[in-house]
Amino acid sequence: MFFGRNSPIESNSYLILGDKIILVDTGMRAETLIENIESVGIKMSDIDFIVNTHCHFDHIRSNKILKDAARAKIAAHKEDEPYISKADPDYTVSKYLANNLKAAKVDLALKEGDKLGDFEVIHTPGHTKGSICLLNRAQGILITGDTIFAQGFTGRTDLPGGSQEQLKTSLKKLEKFDLEKILPGHEQPVLKNANQNIENALLILESAYL
Ligand SMILES: [Zn+2]
Ligand SMILES: [Zn+2]
C-alpha cells in the first residue's frame, strides 16, 4: 500500500495493492497523483476501482481525469453517489471553493458489507450521509476518509448531510473492530493502537455536549 499526500489542506489518496488494485480518493491534483502512482511501478490501466470515501470536492475533484486515465470503475456509497455523479455544488461543497468541479459518473453504488478486494465497506454517516470507511479485518487497517483523523479529531458535521449524532453512532460501530492502523483522509495516519484513537474521539464528542 502506498500513501500519498499532496498538501495538508488536500485529501490523502491511498493505493491498495492486493487482489484488486484500488485507488481511494482522487484529491485535487490529478497530475501529481498519476506521477506518484506510476513512480511505484503501477500503470494507470492496472487500477480496478477508484473509491470515494464521500462526496466532498477535495476527495473527488480528480475523478474525471483519473477515471479517463485508468478506465476504472468509480465506486461510492449509494447515499453520496448522486452528489458525486452530478457534481452537486451544495453536497460536494464545491460552490464555495471549486466551482469548476467536473462530474464523473459513479459506476458502482456501494452499501454496508460490500467487498472490494481485501477491504469491506463500512457505512459511517455523520460527516456526510454516504461516508464510508474501508476495513481490512485481517490486518486491522481502516481507511477513514473524513470520519476520523489522528489524535481523536473527527470530520465536520455542519455541512449538508452532516449529523453529529450519526457520527457518534458510526464511531461506536468502528470501536468494536480490532484495529491497529487508521489511514485518514487528511494529515498523518495512526500507525498503532487505533482503537484508542476512536475512544479519544468519542470522549471529545461527548465532552462537546457539556
Ligand atoms: Zn469531507
Ligand atoms: Zn476532506
# chains A, B, ... in the order shown; residues from 1 in each chain; ligands from 1
call {"tool": "residues_near_ligand", "arguments": {"ligand": "ligand 2", "cutoff": "9 Å", "atoms": "only C-alpha atoms and all ligand atoms", "output": "list in words"}}
result
Ile9, Glu10, Ser11, Asn12, Gly27, His54, His56, Phe57, Asp58, His59, Gly145, Asp146, Gly155, Gly185 and His186 of chain A
call {"tool": "write_last_selection", "arguments": {"atoms": "N, CA and C atoms", "output": "tab-separated table (two decimals), in the first residue's frame"}}
result
chain	number	residue	atom	x	y	z
A	9	ILE	N	-3.95	20.71	3.23
A	9	ILE	CA	-5.37	21.01	3.07
A	9	ILE	C	-6.04	20.12	2.02
A	10	GLU	N	-5.26	19.34	1.32
A	10	GLU	CA	-5.86	18.45	0.34
A	10	GLU	C	-6.02	17.06	0.93
A	11	SER	N	-6.83	16.26	0.25
A	11	SER	CA	-7.07	14.93	0.82
A	11	SER	C	-5.91	13.99	0.48
A	12	ASN	N	-5.75	13.00	1.34
A	12	ASN	CA	-4.81	11.91	1.05
A	12	ASN	C	-5.45	10.98	0.04
A	27	GLY	N	-8.39	13.31	-4.75
A	27	GLY	CA	-7.75	14.56	-4.37
A	27	GLY	C	-7.88	15.66	-5.41
A	54	HIS	N	-16.29	9.72	0.36
A	54	HIS	CA	-17.51	10.53	0.48
A	54	HIS	C	-17.51	11.58	-0.63
A	56	HIS	N	-17.27	14.96	-0.86
A	56	HIS	CA	-16.69	16.31	-0.85
A	56	HIS	C	-15.65	16.51	-1.95
A	57	PHE	N	-15.61	17.76	-2.46
A	57	PHE	CA	-14.81	18.03	-3.66
A	57	PHE	C	-13.32	17.73	-3.46
A	58	ASP	N	-12.83	17.91	-2.22
A	58	ASP	CA	-11.38	17.70	-2.03
A	58	ASP	C	-10.99	16.22	-2.16
A	59	HIS	N	-11.98	15.32	-2.16
A	59	HIS	CA	-11.71	13.88	-2.31
A	59	HIS	C	-12.05	13.38	-3.71
A	145	GLY	N	-11.42	8.21	5.40
A	145	GLY	CA	-11.91	9.45	4.80
A	145	GLY	C	-11.89	10.56	5.82
A	146	ASP	N	-13.01	11.30	5.94
A	146	ASP	CA	-13.08	12.40	6.92
A	146	ASP	C	-13.91	12.03	8.14
A	155	GLY	N	-14.39	14.55	11.54
A	155	GLY	CA	-14.80	15.45	10.46
A	155	GLY	C	-15.92	16.37	10.89
A	185	GLY	N	-8.34	10.68	5.76
A	185	GLY	CA	-8.40	11.47	4.53
A	185	GLY	C	-7.56	12.73	4.55
A	186	HIS	N	-7.09	13.13	5.73
A	186	HIS	CA	-6.21	14.29	5.83
A	186	HIS	C	-5.15	14.03	6.90
call {"tool": "residues_around", "arguments": {"residues": "region 84-87 of chain A", "least_positions_apart": "3", "cutoff": "7 Å", "atoms": "only C-alpha atoms", "output": "list in words"}}
result
Cys55, Asp80, Glu81, Thr92, Leu101, Lys102, Ala103, Ala104, Lys105 and Val106 of chain A
call {"tool": "select_by_dssp", "arguments": {"residues": "region 83-176 of chain A", "states": "helix (DSSP H, G or I)", "output": "list in words"}}
result
Tyr83, Ile84, Ser85, Lys86, Ser94, Lys95, Tyr96, Leu97, Ala150, Gln151, Gly152, Gln164, Glu165, Gln166, Leu167, Lys168, Thr169, Ser170, Leu171, Lys172, Lys173, Leu174 and Glu175 of chain A
call {"tool": "write_last_selection", "arguments": {"atoms": "N, CA, C and O atoms", "output": "JSON list (two decimals), in the first residue's frame"}}
result
[["chain", "number", "residue", "atom", "x", "y", "z"],
["A", 83, "TYR", "N", -24.67, 12.80, -5.58],
["A", 83, "TYR", "CA", -23.97, 14.09, -5.48],
["A", 83, "TYR", "C", -22.66, 14.05, -6.26],
["A", 83, "TYR", "O", -22.25, 15.04, -6.85],
["A", 84, "ILE", "N", -21.99, 12.91, -6.21],
["A", 84, "ILE", "CA", -20.72, 12.77, -6.93],
["A", 84, "ILE", "C", -20.99, 12.71, -8.43],
["A", 84, "ILE", "O", -20.34, 13.41, -9.22],
["A", 85, "SER", "N", -21.95, 11.90, -8.83],
["A", 85, "SER", "CA", -22.23, 11.73, -10.26],
["A", 85, "SER", "C", -22.62, 13.05, -10.92],
["A", 85, "SER", "O", -22.29, 13.30, -12.07],
["A", 86, "LYS", "N", -23.35, 13.89, -10.16],
["A", 86, "LYS", "CA", -23.81, 15.17, -10.73],
["A", 86, "LYS", "C", -22.92, 16.34, -10.35],
["A", 86, "LYS", "O", -23.21, 17.47, -10.71],
["A", 94, "SER", "N", -18.59, 22.34, -3.36],
["A", 94, "SER", "CA", -17.70, 22.95, -4.37],
["A", 94, "SER", "C", -18.14, 24.35, -4.73],
["A", 94, "SER", "O", -17.39, 25.09, -5.35],
["A", 95, "LYS", "N", -19.34, 24.76, -4.32],
["A", 95, "LYS", "CA", -19.81, 26.09, -4.72],
["A", 95, "LYS", "C", -18.99, 27.20, -4.07],
["A", 95, "LYS", "O", -18.88, 28.29, -4.60],
["A", 96, "TYR", "N", -18.38, 26.91, -2.92],
["A", 96, "TYR", "CA", -17.56, 27.92, -2.25],
["A", 96, "TYR", "C", -16.13, 27.94, -2.76],
["A", 96, "TYR", "O", -15.48, 28.96, -2.80],
["A", 97, "LEU", "N", -15.63, 26.77, -3.10],
["A", 97, "LEU", "CA", -14.18, 26.62, -3.24],
["A", 97, "LEU", "C", -13.71, 26.13, -4.60],
["A", 97, "LEU", "O", -12.56, 26.37, -4.97],
["A", 150, "ALA", "N", -6.22, 11.44, 13.02],
["A", 150, "ALA", "CA", -5.31, 11.17, 14.15],
["A", 150, "ALA", "C", -5.69, 12.09, 15.33],
["A", 150, "ALA", "O", -6.38, 13.09, 15.16],
["A", 151, "GLN", "N", -5.21, 11.72, 16.50],
["A", 151, "GLN", "CA", -5.39, 12.50, 17.73],
["A", 151, "GLN", "C", -6.85, 12.72, 18.11],
["A", 151, "GLN", "O", -7.21, 13.72, 18.74],
["A", 152, "GLY", "N", -7.71, 11.81, 17.67],
["A", 152, "GLY", "CA", -9.11, 11.87, 18.07],
["A", 152, "GLY", "C", -9.93, 12.97, 17.43],
["A", 152, "GLY", "O", -11.04, 13.26, 17.85],
["A", 164, "GLN", "N", -24.02, 15.17, 13.86],
["A", 164, "GLN", "CA", -23.13, 14.77, 14.95],
["A", 164, "GLN", "C", -23.61, 13.50, 15.64],
["A", 164, "GLN", "O", -22.81, 12.65, 16.02],
["A", 165, "GLU", "N", -24.93, 13.36, 15.76],
["A", 165, "GLU", "CA", -25.48, 12.14, 16.38],
["A", 165, "GLU", "C", -25.10, 10.90, 15.56],
["A", 165, "GLU", "O", -24.70, 9.87, 16.10],
["A", 166, "GLN", "N", -25.24, 11.02, 14.22],
["A", 166, "GLN", "CA", -24.87, 9.89, 13.36],
["A", 166, "GLN", "C", -23.38, 9.60, 13.45],
["A", 166, "GLN", "O", -22.96, 8.44, 13.41],
["A", 167, "LEU", "N", -22.57, 10.65, 13.57],
["A", 167, "LEU", "CA", -21.12, 10.45, 13.66],
["A", 167, "LEU", "C", -20.77, 9.65, 14.92],
["A", 167, "LEU", "O", -19.96, 8.73, 14.89],
["A", 168, "LYS", "N", -21.44, 9.99, 16.04],
["A", 168, "LYS", "CA", -21.18, 9.25, 17.28],
["A", 168, "LYS", "C", -21.56, 7.78, 17.12],
["A", 168, "LYS", "O", -20.82, 6.89, 17.54],
["A", 169, "THR", "N", -22.70, 7.54, 16.50],
["A", 169, "THR", "CA", -23.13, 6.15, 16.28],
["A", 169, "THR", "C", -22.13, 5.42, 15.39],
["A", 169, "THR", "O", -21.79, 4.26, 15.64],
["A", 170, "SER", "N", -21.62, 6.11, 14.39],
["A", 170, "SER", "CA", -20.65, 5.49, 13.48],
["A", 170, "SER", "C", -19.36, 5.15, 14.22],
["A", 170, "SER", "O", -18.77, 4.08, 14.01],
["A", 171, "LEU", "N", -18.90, 6.06, 15.08],
["A", 171, "LEU", "CA", -17.66, 5.80, 15.82],
["A", 171, "LEU", "C", -17.84, 4.63, 16.78],
["A", 171, "LEU", "O", -16.91, 3.82, 16.97],
["A", 172, "LYS", "N", -19.04, 4.51, 17.35],
["A", 172, "LYS", "CA", -19.30, 3.37, 18.25],
["A", 172, "LYS", "C", -19.25, 2.06, 17.46],
["A", 172, "LYS", "O", -18.82, 1.03, 17.99],
["A", 173, "LYS", "N", -19.68, 2.11, 16.22],
["A", 173, "LYS", "CA", -19.58, 0.93, 15.36],
["A", 173, "LYS", "C", -18.11, 0.60, 15.08],
["A", 173, "LYS", "O", -17.69, -0.56, 15.20],
["A", 174, "LEU", "N", -17.31, 1.61, 14.78],
["A", 174, "LEU", "CA", -15.89, 1.39, 14.46],
["A", 174, "LEU", "C", -15.11, 0.88, 15.68],
["A", 174, "LEU", "O", -14.16, 0.10, 15.55],
["A", 175, "GLU", "N", -15.53, 1.34, 16.86],
["A", 175, "GLU", "CA", -14.84, 0.98, 18.10],
["A", 175, "GLU", "C", -14.84, -0.52, 18.34],
["A", 175, "GLU", "O", -13.96, -1.06, 19.01]]
call {"tool": "residues_around", "arguments": {"residues": "Lys115 (chain A)", "least_positions_apart": "5", "cutoff": "10 Å", "atoms": "only C-alpha atoms", "output": "ChimeraX atom specification"}}
result
/A:110,120-122,134-136
call {"tool": "write_last_selection", "arguments": {"atoms": "C-alpha atoms", "output": "compact mmCIF listing (two decimals), in the first residue's frame"}}
result
# COMPACT_ATOMS: atom_id res chain seq x y z
CA LEU A 110 -21.79 0.66 -2.52
CA GLU A 120 -15.01 -4.32 3.36
CA VAL A 121 -17.30 -1.31 3.12
CA ILE A 122 -18.41 0.09 6.49
CA LEU A 134 -12.81 0.60 4.27
CA LEU A 135 -11.86 -2.19 6.66
CA ASN A 136 -9.21 -4.86 6.28
call {"tool": "residues_around", "arguments": {"residues": "region 194-200 of chain A", "least_positions_apart": "5", "cutoff": "10 Å", "atoms": "only C-alpha atoms", "output": "list in words"}}
result
Gly140, Ile141, Leu142, Ile148, Phe149, Ala150, Gln151, Gly152, Phe153, Thr154, Leu171, Lys172, Leu174, Glu175, Lys176, Phe177, Asp178, Leu179, Glu180, Lys181, Ile182, Leu183, Pro189, Leu205 and Glu206 of chain A
call {"tool": "closest_residue", "arguments": {"among": "A:Asp46, A:Glu187, A:Glu79, A:Asp25", "to": "Asn63 (chain A)", "atoms": "only C-alpha atoms"}}
result
A:Asp25
call {"tool": "closest_residue", "arguments": {"among": "A:Leu66, A:Ile60, A:Leu202, A:Ala76", "to": "ligand 1", "atoms": "only C-alpha atoms and all ligand atoms"}}
result
A:Ile60
call {"tool": "select_by_dssp", "arguments": {"residues": "region 46-206 of chain A", "states": "strand (DSSP E or B)", "output": "MDAnalysis selection string"}}
result
chainID A and resid 49:51 73:77 108:110 115:116 119:123 132:136 141:145 148 154 181:184 190
call {"tool": "residues_around", "arguments": {"residues": "Leu108 (chain A)", "least_positions_apart": "3", "cutoff": "8 Å", "atoms": "only C-alpha atoms", "output": "PyMOL selection string"}}
result
chain A and resi 73-76
call {"tool": "residues_around", "arguments": {"residues": "Pro160 (chain A)", "least_positions_apart": "4", "cutoff": "8 Å", "atoms": "only C-alpha atoms", "output": "compact mmCIF listing (two decimals) with all heavy atoms, in the first residue's frame"}}
result
# COMPACT_ATOMS: atom_id res chain seq x y z
N ASP A 90 -23.85 21.91 -3.80
CA ASP A 90 -24.11 22.02 -2.36
C ASP A 90 -23.47 20.87 -1.59
O ASP A 90 -22.74 21.09 -0.63
CB ASP A 90 -25.62 22.02 -2.09
CG ASP A 90 -26.26 23.30 -2.60
OD1 ASP A 90 -25.71 24.38 -2.30
OD2 ASP A 90 -27.28 23.22 -3.31
N TYR A 91 -23.76 19.65 -2.01
CA TYR A 91 -23.30 18.49 -1.23
C TYR A 91 -21.82 18.20 -1.42
O TYR A 91 -21.18 17.61 -0.54
CB TYR A 91 -24.15 17.25 -1.54
CG TYR A 91 -25.47 17.30 -0.83
CD1 TYR A 91 -26.58 17.93 -1.39
CD2 TYR A 91 -25.62 16.74 0.44
CE1 TYR A 91 -27.78 18.01 -0.73
CE2 TYR A 91 -26.82 16.81 1.12
CZ TYR A 91 -27.90 17.45 0.53
OH TYR A 91 -29.09 17.51 1.21
N THR A 128 -20.80 13.03 6.14
CA THR A 128 -21.81 13.13 5.08
C THR A 128 -22.72 11.90 5.23
O THR A 128 -22.37 10.97 5.96
CB THR A 128 -21.20 13.11 3.65
OG1 THR A 128 -20.62 11.81 3.41
CG2 THR A 128 -20.14 14.19 3.48
